[in-house]
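protein.cif (mmCIF, C-alpha atoms) appears below.
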data_run
loop_
_atom_site.label_atom_id
_atom_site.label_comp_id
_atom_site.auth_asym_id
_atom_site.auth_seq_id
_atom_site.Cartn_x
_atom_site.Cartn_y
_atom_site.Cartn_z
CA MET A 91 53.93 87.04 16.31
CA LYS A 92 55.96 88.22 13.31
CA LYS A 93 58.92 86.15 14.45
CA LEU A 94 56.68 83.09 14.74
CA LEU A 95 55.29 83.59 11.23
CA LEU A 96 58.83 84.04 9.87
CA LEU A 97 59.94 80.83 11.57
CA ILE A 98 56.98 78.91 10.14
CA ALA A 99 57.80 80.27 6.68
CA ILE A 100 61.44 79.17 6.69
CA ILE A 101 60.91 75.71 8.25
CA PRO A 102 60.07 74.05 4.87
CA PHE A 103 63.20 75.63 3.37
CA LEU A 104 65.37 74.35 6.22
CA ILE A 105 63.90 70.87 5.90
CA SER A 106 64.54 70.81 2.15
CA CYS A 107 68.15 71.83 2.72
CA GLN A 108 68.62 69.08 5.28
CA LYS A 109 67.11 66.45 2.97
CA ASN A 110 69.45 67.27 0.07
CA ASP A 111 72.60 65.78 1.60
CA PHE A 112 73.49 63.79 -1.51
CA ASP A 113 74.90 65.12 -4.79
CA LEU A 114 75.97 62.94 -7.72
CA TYR A 115 78.56 65.42 -8.92
CA LYS A 116 80.41 65.20 -5.61
CA ILE A 117 80.60 61.44 -5.22
CA SER A 118 83.86 59.56 -5.68
CA PHE A 119 84.43 56.16 -7.25
CA PRO A 120 84.47 53.44 -6.10
CA MET A 121 81.38 54.03 -3.95
CA ASP A 122 79.63 51.81 -1.42
CA ILE A 123 75.91 51.46 -2.24
CA THR A 124 74.99 50.04 1.19
CA PRO A 125 74.45 53.35 3.07
CA LEU A 126 72.29 54.70 0.22
CA GLY A 127 70.25 51.50 0.06
CA ALA A 128 69.53 51.75 3.78
CA LYS A 129 68.37 55.37 3.56
CA TYR A 130 66.75 55.77 0.12
CA LYS A 131 64.36 53.87 -2.14
CA ILE A 132 66.62 51.83 -4.44
CA ARG A 133 65.66 48.71 -6.42
CA GLU A 134 68.23 46.10 -7.37
CA ASP A 135 68.08 44.81 -10.95
CA LYS A 136 69.96 41.55 -11.61
CA GLY A 137 68.88 41.26 -15.23
CA TYR A 138 72.47 41.35 -16.47
CA SER A 139 75.04 38.56 -16.67
CA ASP A 140 78.10 40.68 -15.94
CA MET A 141 76.84 43.59 -13.84
CA VAL A 142 74.32 44.65 -11.21
CA ARG A 143 72.15 47.72 -11.65
CA TYR A 144 70.41 49.69 -8.89
CA ASN A 145 67.50 51.89 -10.02
CA THR A 146 65.81 54.76 -8.22
CA THR A 147 63.43 57.65 -8.77
CA ASP A 148 63.83 58.90 -5.19
CA GLU A 149 63.77 62.70 -5.47
CA ASP A 150 66.33 63.03 -2.68
CA LEU A 151 68.92 61.29 -4.87
CA LEU A 152 68.18 63.15 -8.11
CA PHE A 153 70.66 65.98 -7.59
CA PHE A 154 73.63 66.86 -9.79
CA ASP A 155 75.74 69.84 -8.74
CA GLY A 156 72.79 71.17 -6.77
CA TYR A 157 70.34 70.82 -9.67
CA ASN A 158 67.29 68.66 -8.94
CA PHE A 159 66.28 66.81 -12.12
CA SER A 160 63.23 64.95 -10.76
CA GLY A 161 60.08 64.98 -12.87
CA SER A 162 57.91 62.87 -15.14
CA LEU A 163 56.64 63.15 -18.70
CA ASP A 164 53.49 61.29 -17.65
CA ASP A 165 52.63 60.93 -13.96
CA SER A 166 50.56 57.82 -14.71
CA ASN A 167 53.43 55.97 -16.42
CA SER A 168 56.64 55.27 -14.48
CA LEU A 169 58.48 54.51 -17.74
CA PHE A 170 58.64 58.25 -18.40
CA GLU A 171 59.89 59.26 -14.95
CA ASN A 172 63.32 60.84 -14.58
CA SER A 173 65.59 58.33 -12.92
CA LEU A 174 69.03 57.35 -11.71
CA SER A 175 70.87 54.02 -11.91
CA PHE A 176 74.06 52.85 -10.20
CA PHE A 177 76.23 50.09 -11.69
CA LYS A 178 78.77 47.61 -10.39
CA GLU A 179 80.47 44.61 -11.94
CA ILE A 180 79.63 41.09 -10.81
CA GLY A 181 82.11 40.14 -8.09
CA ASN A 182 82.80 43.76 -7.20
CA ASN A 183 80.93 45.30 -4.26
CA LYS A 184 81.69 48.89 -5.21
CA ILE A 185 79.76 51.21 -7.54
CA GLU A 186 81.92 52.50 -10.40
CA ALA A 187 79.34 54.09 -12.69
CA TYR A 188 75.95 55.77 -12.65
CA LYS A 189 73.43 56.87 -15.26
CA ILE A 190 70.98 59.77 -15.22
CA LEU A 191 67.93 59.57 -17.50
CA ILE A 192 65.78 62.68 -18.05
CA THR A 193 62.64 62.47 -20.18
CA THR A 194 61.13 65.88 -19.39
CA SER A 195 62.02 68.49 -22.02
CA SER A 196 62.53 71.50 -19.74
CA GLU A 197 64.77 69.60 -17.33
CA ALA A 198 66.68 68.02 -20.23
CA THR A 199 67.40 71.45 -21.73
CA GLU A 200 68.37 72.97 -18.39
CA PHE A 201 70.55 69.98 -17.52
CA GLU A 202 72.36 70.19 -20.86
CA GLU A 203 73.06 73.91 -20.41
CA MET A 204 74.26 73.36 -16.85
CA LEU A 205 76.50 70.44 -17.83
CA VAL A 206 78.13 72.30 -20.74
CA GLU A 207 78.76 75.32 -18.52
CA LYS A 208 80.19 73.07 -15.79
CA LEU A 209 82.46 70.90 -17.93
CA GLY A 210 83.24 73.28 -20.79
CA LYS A 211 84.21 72.63 -24.40
CA THR A 212 84.90 69.01 -25.32
CA ASP A 213 86.93 67.37 -28.09
CA PHE A 214 84.36 64.60 -28.49
CA TYR A 215 81.22 66.26 -29.88
CA TYR A 216 78.99 64.88 -32.61
CA GLN A 217 75.71 66.47 -33.68
CA LYS A 218 73.07 64.89 -35.89
CA THR A 219 69.63 66.25 -36.80
CA GLU A 220 67.97 65.30 -33.51
CA PHE A 221 70.84 63.88 -31.47
CA THR A 222 74.05 65.11 -29.85
CA PHE A 223 76.85 63.07 -28.31
CA ARG A 224 79.52 64.53 -26.03
CA ILE A 225 82.24 63.04 -23.83
CA TRP A 226 84.22 64.83 -21.12
CA ASN A 227 87.05 63.64 -18.90
CA ALA A 228 87.35 65.45 -15.59
CA GLU A 229 88.79 64.60 -12.17
CA GLY A 230 89.07 60.86 -12.80
CA LYS A 231 85.60 60.50 -14.31
CA THR A 232 84.42 60.07 -17.89
CA TYR A 233 81.07 61.65 -18.79
CA PHE A 234 79.07 60.23 -21.73
CA PHE A 235 76.21 62.63 -22.53
CA GLU A 236 73.50 62.17 -25.16
CA THR A 237 70.52 64.34 -26.07
CA ASN A 238 67.57 63.10 -28.12
CA SER A 239 64.96 65.43 -29.63
CA SER A 240 63.16 62.75 -31.65
CA GLY A 241 60.85 61.53 -28.88
CA GLU A 242 57.09 61.73 -29.31
CA TYR A 243 54.40 61.00 -26.73
CA ASN A 244 50.65 61.55 -27.09
CA GLY A 245 51.26 63.36 -30.36
CA LYS A 246 53.78 65.79 -28.89
CA LYS A 247 57.53 65.92 -29.41
CA PHE A 248 59.78 65.93 -26.38
CA LYS A 249 63.50 66.16 -25.64
CA SER A 250 65.33 63.69 -23.43
CA CYS A 251 68.91 63.21 -22.34
CA ASP A 252 71.03 60.72 -20.48
CA LEU A 253 74.37 61.01 -18.74
CA PHE A 254 76.54 57.99 -18.04
CA VAL A 255 79.37 58.73 -15.61
CA VAL A 256 82.17 56.19 -15.23
CA ASP A 257 85.32 55.79 -13.20
CA SER A 258 87.93 56.57 -15.88
CA LYS A 259 90.09 53.66 -14.69
CA ASN A 260 87.29 51.14 -15.22
CA ARG A 261 87.72 49.88 -18.78
CA PHE A 262 84.76 47.49 -18.43
CA PHE A 263 82.23 50.34 -18.10
CA ILE A 264 84.15 52.56 -20.53
CA ASN A 265 83.78 49.81 -23.16
CA PHE A 266 80.13 49.32 -22.18
CA ALA A 267 79.41 53.02 -22.76
CA SER A 268 81.43 53.23 -26.00
CA ALA A 269 78.60 52.12 -28.28
CA GLY A 270 76.00 53.73 -30.51
CA GLY A 271 76.80 57.41 -30.90
CA PHE A 272 79.89 56.95 -28.74
CA GLN A 273 81.42 54.06 -30.70
CA TYR A 274 84.29 56.17 -32.08
CA TYR A 275 85.56 56.66 -28.53
CA GLY A 276 86.52 52.99 -28.45
CA ASP A 277 88.54 53.47 -31.66
CA TYR A 278 90.23 56.47 -30.07
CA LEU A 279 91.17 54.51 -26.94
CA TYR A 280 92.60 51.72 -29.09
CA GLU A 281 94.79 54.25 -30.88
CA LYS A 282 95.69 56.01 -27.64
CA ASP A 283 96.92 52.71 -26.13
CA LYS A 284 99.36 52.07 -28.96
CA PRO A 285 103.05 52.16 -27.90
CA GLU A 286 103.78 55.27 -29.98
CA ASN A 287 101.10 57.22 -28.07
CA THR A 288 101.68 55.77 -24.60
CA GLY A 289 102.92 58.30 -22.06
CA LYS A 290 102.16 61.36 -24.12
CA LYS A 291 99.18 63.66 -24.50
CA PHE A 292 96.85 62.29 -27.15
CA THR A 293 93.41 63.89 -27.09
CA TYR A 294 90.36 62.98 -29.11
CA ARG A 295 91.02 66.05 -31.24
CA ASP A 296 94.52 64.70 -31.93
CA PHE A 297 92.85 61.47 -33.02
CA ILE A 298 90.48 63.37 -35.33
CA ASP A 299 93.35 65.35 -36.85
CA GLN A 300 95.20 62.09 -37.44
CA ARG A 301 92.19 60.49 -39.09
CA GLU A 302 91.66 63.54 -41.31
CA LYS A 303 95.32 63.47 -42.35
CA GLU A 304 95.29 59.74 -43.11
CA ASP A 305 91.73 59.23 -44.40
CA GLY A 306 90.93 62.65 -45.84
CA LYS A 307 88.08 65.03 -45.10
CA ASP A 308 85.53 62.35 -46.07
CA SER A 309 86.59 60.12 -43.16
CA TYR A 310 83.54 58.73 -41.37
CA PHE A 311 85.14 59.87 -38.09
CA LEU A 312 84.61 63.46 -39.25
CA LYS A 313 80.97 63.07 -40.32
CA ASN A 314 78.76 65.11 -37.96
CA TYR A 315 81.83 66.05 -35.90
CA VAL A 316 81.70 69.49 -34.28
CA LYS A 317 85.11 71.16 -34.09
#

Target encoding structure tokens, full file:
Amino acid sequence: MKKLLLLIAIIPFLISCQKNDFDLYKISFPMDITPLGAKYKIREDKGYSDMVRYNTTDEDLLFFDGYNFSGSLDDSNSLFENSLSFFKEIGNNKIEAYKILITTSSEATEFEEMLVEKLGKTDFYYQKTEFTFRIWNAEGKTYFFETNSSGEYNGKKFKSCDLFVVDSKNRFFINFASAGGFQYYGDYLYEKDKPENTGKKFTYRDFIDQREKEDGKDSYFLKNYVK
């Protein structure tokens, strides 16, 4: 009888382990979306002229390095549900980028802590009053990570974050992501591609040091920069 009760107790755990056979951190680019579309709930969004976006809130896909980031700020409003999107260019059948959006404060905080611990210190780090912007390059992928603590819903403040992960060789999506709080990354890449920097190590910190030397400490590249 005790063995039977123990078996009944661990069955849900075994099922949950079997269901979580997908992890965003482990995927490689380019990726075929077809097997995922056949197995999970994914919606195709063709509202772009130069790319296709696939959106999902399927809990079985919302895993990053073993961390499940599913949740919702308001169960009655799907706009505030944590989600995942895959991206591909028009004319290309392979996924070369994905975006995680987290609108629940506790998950956003935990995800940020986990990501920083996983990827370590970064040269690209800007911090404003209620926003942070970080970029990492690791194992052929570029990670654009933003946190936002300015959100307010039903009179209460909340923290959100989003992570845009791109194949580092795909300049189309790199350029797409290099906007807003990440716009200086485009300037860095332009400088990095110059003949005098080609073939040698030229980090974002090298770029910042160069800008400080040439523009002075008041350079707008240094404003809100975290060394």

Have a look at A:Thr293, A:Asn227, A:Thr212, A:Ser309 and name the one nearest to Val256 (chain A); count only C-alpha atoms. A:Asn227

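Nearest residue to Asn314 (chain A), choosing from A:Glu220, A:Asp135, A:Asp111, A:Asp165 and counting all atoms listed in the file: A:Glu220.
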
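Here CA of Tyr315 (chain A) stands at a distance of 14.0 Å from CA of Gln300 (chain A).
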
Written as a ChimeraX atom specification, what is the full residue list that the PyMOL selection byres ((chain A and resi 228) around 12) yields on the file shown? /A:115,208-212,225-227,229-234,255-258

Any idea what's packed within 8 Å of Cys251 (chain A), counting all atoms listed in the file, ignoring anything in its chain fewer than 5 positions away? Could you give it as a PyMOL selection string? chain A and resi 191-193+198+202+235-238

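Nearest residue to Phe177 (chain A), choosing from A:Glu207, A:Glu149, A:Glu134, A:Asp164 and counting all atoms listed in the file: A:Glu134.
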
For Gly241 (chain A), list every protein, DNA or RNA residue within 10 Å, evaluated using all atoms listed in the file, and leave out those in the same chain fewer than 4 positions away; present the list as a PDB file with C-alpha atoms, in the frame of the given file.
ATOM      1  CA  THR A 193      62.640  62.470 -20.180  1.00  0.00           C
ATOM      2  CA  SER A 195      62.020  68.490 -22.020  1.00  0.00           C
ATOM      3  CA  GLU A 220      67.970  65.300 -33.510  1.00  0.00           C
ATOM      4  CA  GLY A 245      51.260  63.360 -30.360  1.00  0.00           C
ATOM      5  CA  LYS A 246      53.780  65.790 -28.890  1.00  0.00           C
ATOM      6  CA  LYS A 247      57.530  65.920 -29.410  1.00  0.00           C
ATOM      7  CA  PHE A 248      59.780  65.930 -26.380  1.00  0.00           C
ATOM      8  CA  LYS A 249      63.500  66.160 -25.640  1.00  0.00           C
ATOM      9  CA  SER A 250      65.330  63.690 -23.430  1.00  0.00           C
TER      10      SER A 250
END
